[in-house]
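Raw contents of final.txt, compact mmCIF, C-alpha atoms and all ligand atoms:
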```
# COMPACT_ATOMS: atom_id res chain seq x y z
CA MET A 452 28.05 -98.92 -187.43
CA ASN A 453 31.63 -98.94 -186.23
CA GLN A 454 33.93 -101.67 -187.45
CA LEU A 455 37.21 -102.57 -185.82
CA ILE A 456 39.82 -103.73 -188.33
CA ARG A 457 43.10 -105.35 -187.29
CA CYS A 458 46.22 -105.78 -189.38
CA ARG A 459 47.57 -109.19 -188.41
CA ASN A 460 51.07 -108.39 -189.63
CA CYS A 461 51.53 -105.15 -187.73
CA ASP A 462 49.08 -105.69 -184.83
CA GLN A 463 47.55 -102.31 -185.50
CA VAL A 464 43.86 -101.53 -185.40
CA PHE A 465 41.60 -99.09 -187.10
CA MET A 466 38.17 -98.05 -185.90
CA LYS A 467 36.14 -97.53 -189.02
CA SER A 468 33.26 -95.22 -188.30
CA PRO A 469 30.73 -93.59 -190.61
CA PHE A 470 32.42 -90.26 -189.84
CA ASP A 471 35.71 -91.06 -191.57
CA ARG A 472 34.57 -89.64 -194.85
CA TYR A 473 33.37 -86.35 -193.48
CA PRO A 474 35.41 -83.41 -194.69
CA GLU A 475 37.51 -81.63 -192.11
CA TYR A 476 37.76 -77.89 -192.10
CA ALA A 477 41.16 -76.36 -191.72
CA SER A 478 42.04 -72.74 -191.45
CA GLY A 479 45.03 -71.09 -193.04
CA SER A 480 47.43 -68.76 -191.26
CA ASN A 481 44.90 -65.99 -191.64
CA HIS A 482 41.62 -66.68 -189.88
CA ALA A 483 39.30 -64.94 -192.33
CA PRO A 484 36.37 -67.23 -193.23
CA GLU A 485 37.23 -67.29 -196.97
CA ASN A 486 40.52 -68.99 -196.08
CA PHE A 487 38.79 -71.99 -194.59
CA GLN A 488 39.15 -74.89 -196.91
CA SER A 489 37.54 -78.24 -196.85
CA ILE A 490 39.97 -81.16 -196.80
CA LYS A 491 38.65 -84.51 -197.88
CA ARG A 492 39.51 -86.98 -195.15
CA ASP A 493 39.54 -90.66 -195.64
CA ASP A 494 41.51 -92.16 -192.80
CA PHE A 495 40.48 -95.69 -193.69
CA GLN A 496 41.97 -95.35 -197.17
CA ASP A 497 45.21 -94.21 -195.49
CA PHE A 498 45.13 -97.28 -193.24
CA LEU A 499 44.50 -99.59 -196.23
CA SER A 500 47.35 -98.16 -198.26
CA HIS A 501 49.69 -98.26 -195.27
CA HIS A 502 48.89 -101.96 -194.75
CA HIS A 503 48.77 -102.87 -198.44
CA GLY A 504 49.37 -106.59 -198.93
CA HIS A 505 48.95 -107.38 -195.22
CA GLN A 506 46.35 -109.67 -193.71
CA LEU A 507 43.42 -107.70 -192.36
CA GLU A 508 40.63 -109.08 -190.22
CA GLN A 509 37.59 -107.68 -188.51
CA LEU A 510 37.43 -107.92 -184.73
CA ARG A 511 34.24 -108.29 -182.75
CA ILE A 512 33.90 -105.81 -179.88
CA ILE A 513 32.79 -107.53 -176.66
CA GLU A 514 29.66 -105.87 -175.38
CA ASP A 515 29.71 -104.10 -172.00
CA SER A 516 33.47 -104.46 -171.71
CA TYR A 517 34.13 -100.73 -171.76
CA VAL A 518 36.04 -99.35 -168.76
CA SER A 519 37.67 -96.01 -168.23
CA GLU A 520 40.08 -94.48 -165.77
CA ARG A 521 38.17 -91.23 -165.70
CA THR A 522 34.60 -89.99 -165.97
CA TYR A 523 32.81 -90.78 -169.19
CA SER A 524 32.31 -87.12 -170.03
CA GLU A 525 36.01 -86.33 -169.68
CA PRO A 526 37.46 -85.76 -173.20
CA VAL A 527 41.12 -86.54 -172.41
CA LYS A 528 41.27 -90.00 -170.90
CA THR A 529 42.27 -93.59 -171.46
CA SER A 530 39.61 -96.26 -171.86
CA PHE A 531 39.75 -99.94 -172.60
CA PHE A 532 37.44 -102.43 -174.21
CA LYS A 533 37.74 -106.06 -175.26
CA ALA A 534 37.63 -107.51 -178.74
CA THR A 535 38.18 -110.89 -180.34
CA ASN A 536 38.75 -112.46 -183.72
CA GLY A 537 37.13 -115.68 -182.45
CA ARG A 538 40.46 -117.30 -181.55
CA GLU A 539 42.43 -114.68 -179.66
CA LYS A 540 41.44 -112.04 -177.11
CA PHE A 541 42.58 -108.45 -177.35
CA VAL A 542 42.36 -105.36 -175.26
CA ILE A 543 41.87 -102.17 -177.21
CA LYS A 544 43.24 -99.07 -175.54
CA LYS A 545 41.44 -95.95 -176.66
CA PHE A 546 43.07 -92.66 -175.78
CA ARG A 547 44.07 -89.16 -176.65
CA GLU A 548 46.74 -87.07 -174.99
CA ARG A 549 45.36 -83.65 -175.85
CA ILE A 550 41.86 -82.40 -176.41
CA ASP A 551 42.60 -81.36 -180.01
CA GLU A 552 44.05 -84.74 -180.98
CA PRO A 553 42.03 -87.45 -182.70
CA LEU A 554 41.33 -90.60 -180.69
CA LYS A 555 43.95 -93.30 -180.99
CA TYR A 556 43.41 -97.04 -180.72
CA GLN A 557 46.12 -99.42 -179.61
CA LEU A 558 45.85 -103.19 -179.71
CA ILE A 559 47.17 -105.18 -176.75
CA PRO A 560 47.01 -108.99 -176.95
CA GLY A 561 45.54 -110.14 -173.64
CA ASP A 562 42.81 -109.32 -171.20
CA TYR A 563 42.07 -107.12 -168.22
CA SER A 564 40.20 -107.29 -164.96
CA ILE A 565 39.00 -104.77 -162.41
CA LYS A 566 40.82 -105.21 -159.13
CA CYS A 567 39.90 -103.58 -155.83
CA VAL A 568 42.97 -101.87 -154.38
CA GLY A 569 41.60 -100.20 -151.26
CA VAL A 570 38.57 -99.86 -149.02
CA GLU A 571 37.98 -96.80 -146.88
CA ILE A 572 35.29 -95.08 -144.88
CA GLN A 573 34.00 -91.59 -145.65
CA PRO A 574 35.17 -89.73 -142.50
CA GLU A 575 34.33 -86.16 -143.55
CA GLU A 576 30.87 -87.14 -144.75
CA ILE A 577 30.19 -89.11 -141.52
CA SER A 578 31.32 -86.22 -139.27
CA ARG A 579 29.30 -83.67 -141.22
CA GLN A 580 26.18 -85.85 -141.08
CA LEU A 581 26.62 -86.52 -137.34
CA ASP A 582 26.96 -82.76 -136.68
CA ARG A 583 23.77 -82.18 -138.62
CA GLU A 584 21.66 -84.95 -137.08
CA VAL A 585 22.81 -85.71 -133.55
CA LYS A 586 21.86 -83.08 -130.95
CA PRO A 587 23.44 -82.13 -128.63
CA PRO A 588 26.64 -82.48 -130.74
CA LEU A 589 28.99 -85.36 -129.96
CA ALA A 590 32.19 -84.66 -128.06
CA GLN A 591 35.23 -84.83 -130.35
CA ASP A 592 36.74 -87.88 -128.58
CA LYS A 593 33.47 -89.82 -129.06
CA MET A 594 33.33 -88.81 -132.72
CA ASP A 595 36.95 -90.00 -133.14
CA ALA A 596 36.18 -93.27 -131.34
CA PHE A 597 33.23 -93.93 -133.68
CA LEU A 598 35.35 -93.20 -136.78
CA GLY A 599 38.02 -95.49 -135.31
CA VAL A 600 35.58 -98.40 -135.07
CA MET A 601 34.34 -97.74 -138.61
CA GLY A 602 37.95 -97.60 -139.87
CA ALA A 603 38.75 -100.92 -138.22
CA ILE A 604 35.70 -102.48 -139.91
CA ALA A 605 36.88 -101.21 -143.32
CA GLU A 606 40.29 -102.80 -142.70
CA ASP A 607 38.84 -106.11 -141.59
CA ILE A 608 36.15 -106.51 -144.25
CA ASP A 609 36.43 -108.34 -147.57
CA VAL A 610 34.48 -106.43 -150.23
CA ASN A 611 33.94 -109.64 -152.19
CA ASP A 612 31.43 -110.63 -149.49
CA LEU A 613 29.57 -107.33 -149.64
CA GLU A 614 26.64 -105.99 -151.59
CA ARG A 615 27.64 -103.44 -154.18
CA ILE A 616 25.49 -100.31 -154.16
CA PRO A 617 24.81 -98.89 -157.58
CA ALA A 618 25.53 -95.21 -157.11
CA GLU A 619 26.24 -92.25 -159.31
CA THR A 620 29.95 -91.97 -158.73
CA HIS A 621 32.04 -89.19 -160.15
CA HIS A 622 34.77 -91.66 -160.86
CA PRO A 623 34.18 -94.87 -162.84
CA LEU A 624 36.64 -96.84 -160.70
CA VAL A 625 35.04 -95.97 -157.37
CA VAL A 626 32.48 -98.44 -156.06
CA TYR A 627 30.37 -98.25 -152.88
CA TYR A 628 29.62 -101.24 -150.68
CA LYS A 629 27.11 -101.77 -147.91
CA ILE A 630 28.45 -103.10 -144.59
CA ASP A 631 27.08 -106.60 -143.92
CA ASP A 632 24.75 -107.32 -140.98
CA GLY A 633 27.51 -109.01 -138.97
CA HIS A 634 29.68 -105.91 -139.08
CA VAL A 635 26.67 -103.67 -138.29
CA MET A 636 26.16 -105.76 -135.10
CA HIS A 637 29.85 -105.35 -134.31
CA LEU A 638 29.54 -101.58 -134.81
CA LEU A 639 26.50 -101.36 -132.51
CA ARG A 640 28.25 -103.45 -129.82
CA ASN A 641 31.23 -101.09 -129.92
CA CYS A 642 28.94 -98.06 -129.78
CA ARG A 643 27.58 -99.33 -126.46
CA ASN A 644 31.09 -98.87 -125.04
CA ILE A 645 31.39 -95.33 -126.41
CA PHE A 646 27.91 -93.86 -125.93
CA ASN A 647 25.31 -94.02 -123.14
CA GLY A 648 21.58 -93.47 -122.76
CA GLN A 649 19.94 -91.07 -125.23
CA GLU A 650 23.19 -90.60 -127.10
CA TYR A 651 23.48 -94.32 -127.76
CA LEU A 652 19.89 -94.46 -129.04
CA ALA A 653 20.59 -91.52 -131.36
CA MET A 654 23.68 -93.32 -132.70
CA GLU A 655 21.73 -96.55 -133.19
CA GLU A 656 19.16 -94.66 -135.28
CA PHE A 657 21.92 -92.90 -137.17
CA ILE A 658 23.54 -96.23 -138.08
CA HIS A 659 20.26 -97.70 -139.32
CA ARG A 660 19.51 -94.57 -141.34
CA HIS A 661 22.85 -94.47 -143.15
CA LYS A 662 24.08 -98.05 -143.49
CA ASP A 663 22.18 -98.93 -146.69
CA ASP A 664 22.72 -95.92 -148.91
CA GLY A 665 24.25 -93.14 -146.87
CA VAL A 666 27.51 -91.98 -145.36
CA LEU A 667 28.29 -95.36 -143.76
CA LEU A 668 28.85 -97.04 -147.12
CA LEU A 669 32.40 -98.17 -147.68
CA LYS A 670 34.21 -96.65 -150.61
CA ALA A 671 36.34 -99.03 -152.66
CA THR A 672 38.88 -97.87 -155.19
CA CYS A 673 39.59 -100.18 -158.09
CA LYS A 674 42.10 -100.25 -160.87
CA ILE A 675 42.24 -101.73 -164.33
CA GLU A 676 44.74 -104.58 -164.34
CA LEU A 677 46.00 -105.54 -167.78
CA THR A 678 47.27 -109.03 -168.38
CA GLU A 679 49.25 -108.82 -171.54
CA ILE A 680 50.05 -112.00 -173.42
CA ALA A 681 53.62 -111.81 -174.63
CA ARG A 682 54.03 -113.19 -178.10
CA PRO A 683 57.77 -113.55 -178.51
CA GLY A 684 59.13 -113.65 -182.00
CA LYS A 685 56.05 -112.33 -183.72
CA LYS A 686 57.45 -108.87 -184.15
CA MET A 687 60.77 -110.27 -185.43
CA ILE A 688 59.26 -111.65 -188.64
CA PRO A 689 59.14 -109.00 -191.35
CA ALA A 690 55.77 -108.85 -193.06
CA PHE A 691 57.01 -109.79 -196.53
CA ILE A 692 58.70 -113.02 -195.35
CA HIS A 693 55.49 -113.94 -193.58
CA LEU A 694 53.48 -113.40 -196.76
CA GLU A 695 55.96 -115.18 -199.04
CA LYS A 696 55.86 -118.28 -196.88
CA GLU A 697 52.10 -118.36 -197.19
CA LYS A 698 52.33 -117.95 -200.93
CA VAL A 699 54.64 -120.97 -201.17
CA VAL A 700 52.24 -123.06 -199.10
CA GLY A 701 49.36 -121.88 -201.28
CA GLN A 702 51.15 -122.90 -204.48
CA LYS A 703 51.77 -126.47 -203.45
ZN ZN B 1 50.07 -103.99 -191.50
```

What does the file become when written as structure tokens?
Amino acid sequence: MNQLIRCRNCDQVFMKSPFDRYPEYASGSNHAPENFQSIKRDDFQDFLSHHHGHQLEQLRIIEDSYVSERTYSEPVKTSFFKATNGREKFVIKKFRERIDEPLKYQLIPGDYSIKCVGVEIQPEEISRQLDREVKPPLAQDKMDAFLGVMGAIAEDIDVNDLERIPAETHHPLVVYYKIDDGHVMHLLRNCRNIFNGQEYLAMEEFIHRHKDDGVLLLKATCKIELTEIARPGKKMIPAFIHLEKEKVVGQK
């Protein structure tokens, strides 16, 4: 099991995993197999000696708090998760800059939330689907008028009122929402002004076919918003003064 250890003096964290003790193989300048040597790695021992005499504590990782800016399978990315020592909240930033680097963990006192920054329609997908399904094909000006009404709906709508559609997205910060019934009515009303007869009926069917899980879903882009708690002064106190003070209190 992984354990997250924080040094209270330095505000640094270490993710202790069962893999720390595995030997790492390094090659010399010459790549012949006999030049491979096994190096004993014990990163946790390095962390302990670096923070010798400091106050260490174990943090509890908050379940399901993991968020990432890129796809989960992407090796080079920045992710965040939440942890606590029971009194304070922390955000742990997990990242690597290059694929051959080990993962780094950075502690940020504070919290984060996922904020929606934009809602848009899927114009290319809608046009492609209309071309495929509506025969005879729509005139370009009618297609544009339909996309215009959809775009106006996306601008007017508040995603907080909408039903989120669980979908396999290629990006973890992209979320799809279903247009509410009121806006579907609005869309149909506007379609009556754009289309007539058979064409209107075809559009009505198209809307009902695609509003729940198809191309008419609205695409919302979110971002991870960090709220860092500034702790002025903390960094100004050298670790040994901090410890000496505690020793004096302890001796009383
Ligand atoms: Zn330390």

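Interatomic distance, CA of Asp632 (chain A) against CA of Glu584 (chain A): 22.9 Å.
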
Enumerate, in order of chain and increasing residue number, the residues of chain A with an atom no farther than 10 Å from ligand ZN 1 (chain B), each with its shortest atom pair and distance in Å to one decimal, counting all atoms listed in the file, as a tab-separated table.
```
residue	atom	partner	partner_atom	distance
A:Arg457	CA	B:ZN1	ZN	8.3
A:Cys458	CA	B:ZN1	ZN	4.7
A:Arg459	CA	B:ZN1	ZN	6.5
A:Asn460	CA	B:ZN1	ZN	4.9
A:Cys461	CA	B:ZN1	ZN	4.2
A:Asp462	CA	B:ZN1	ZN	7.0
A:Gln463	CA	B:ZN1	ZN	6.7
A:Val464	CA	B:ZN1	ZN	9.0
A:Phe498	CA	B:ZN1	ZN	8.5
A:Leu499	CA	B:ZN1	ZN	8.5
A:Ser500	CA	B:ZN1	ZN	9.3
A:His501	CA	B:ZN1	ZN	6.9
A:His502	CA	B:ZN1	ZN	4.0
A:His503	CA	B:ZN1	ZN	7.1
A:Gly504	CA	B:ZN1	ZN	7.9
A:His505	CA	B:ZN1	ZN	5.2
A:Gln506	CA	B:ZN1	ZN	7.1
A:Leu507	CA	B:ZN1	ZN	7.7
A:Ala690	CA	B:ZN1	ZN	7.7
```

Seminar exercise, completed: Counting all atoms listed in the file, the residue among A:Phe597, A:Tyr523, A:Phe532, A:Tyr628 that lies closest to Val610 (chain A) is A:Tyr628

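Interatomic distance, CA of Leu581 (chain A) against CA of Met654 (chain A): 8.7 Å.
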
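The shortest atom-to-atom distance to Arg615 (chain A), with all atoms listed in the file taken into account, belongs to A:Ala671 out of A:Ser578, A:Ala590, A:Ala671, A:Gly561.
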
For this session: Go ahead and compute the interatomic distance for CA of Ser564 (chain A) and CA of Leu624 (chain A), in Å to one decimal.
Result: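 Those two atoms sit 11.8 Å apart.
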
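Closest approach to Tyr556 (chain A) among A:Gln649, A:Thr529, A:Thr678, A:Ser519: A:Thr529, based on all atoms listed in the file.
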
For this session: Just the residues within 12 Å of Pro574 (chain A), please, counting all atoms listed in the file, with nothing from its chain fewer than 4 positions along; format it as a list in words.
Result: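 Using all atoms listed in the file, the neighbours found are Ser578, Arg579, Gln580, Leu581, Met594, Asp595, Ala596, Phe597, Leu598, Gly599, Val600, Met601, Gly602, Ala605, Val666, Leu667, Leu668, Leu669 and Lys670 of chain A.
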
Exercise. Nearest to Asn641 (chain A) among A:Leu510, A:His622, A:Ala603, A:Ile616, with distances taken over all atoms listed in the file: which residue is it?
Worked result: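 That would be A:Ala603, the residue with the smallest distance to Asn641 (chain A).
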
Exercise. Taking only C-alpha atoms into account, which of A:Cys673, A:Ile456, A:Ala534, A:Ile608 comes nearest Val625 (chain A)?
Worked result: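 Selected residue with least distance to Val625 (chain A): A:Cys673.
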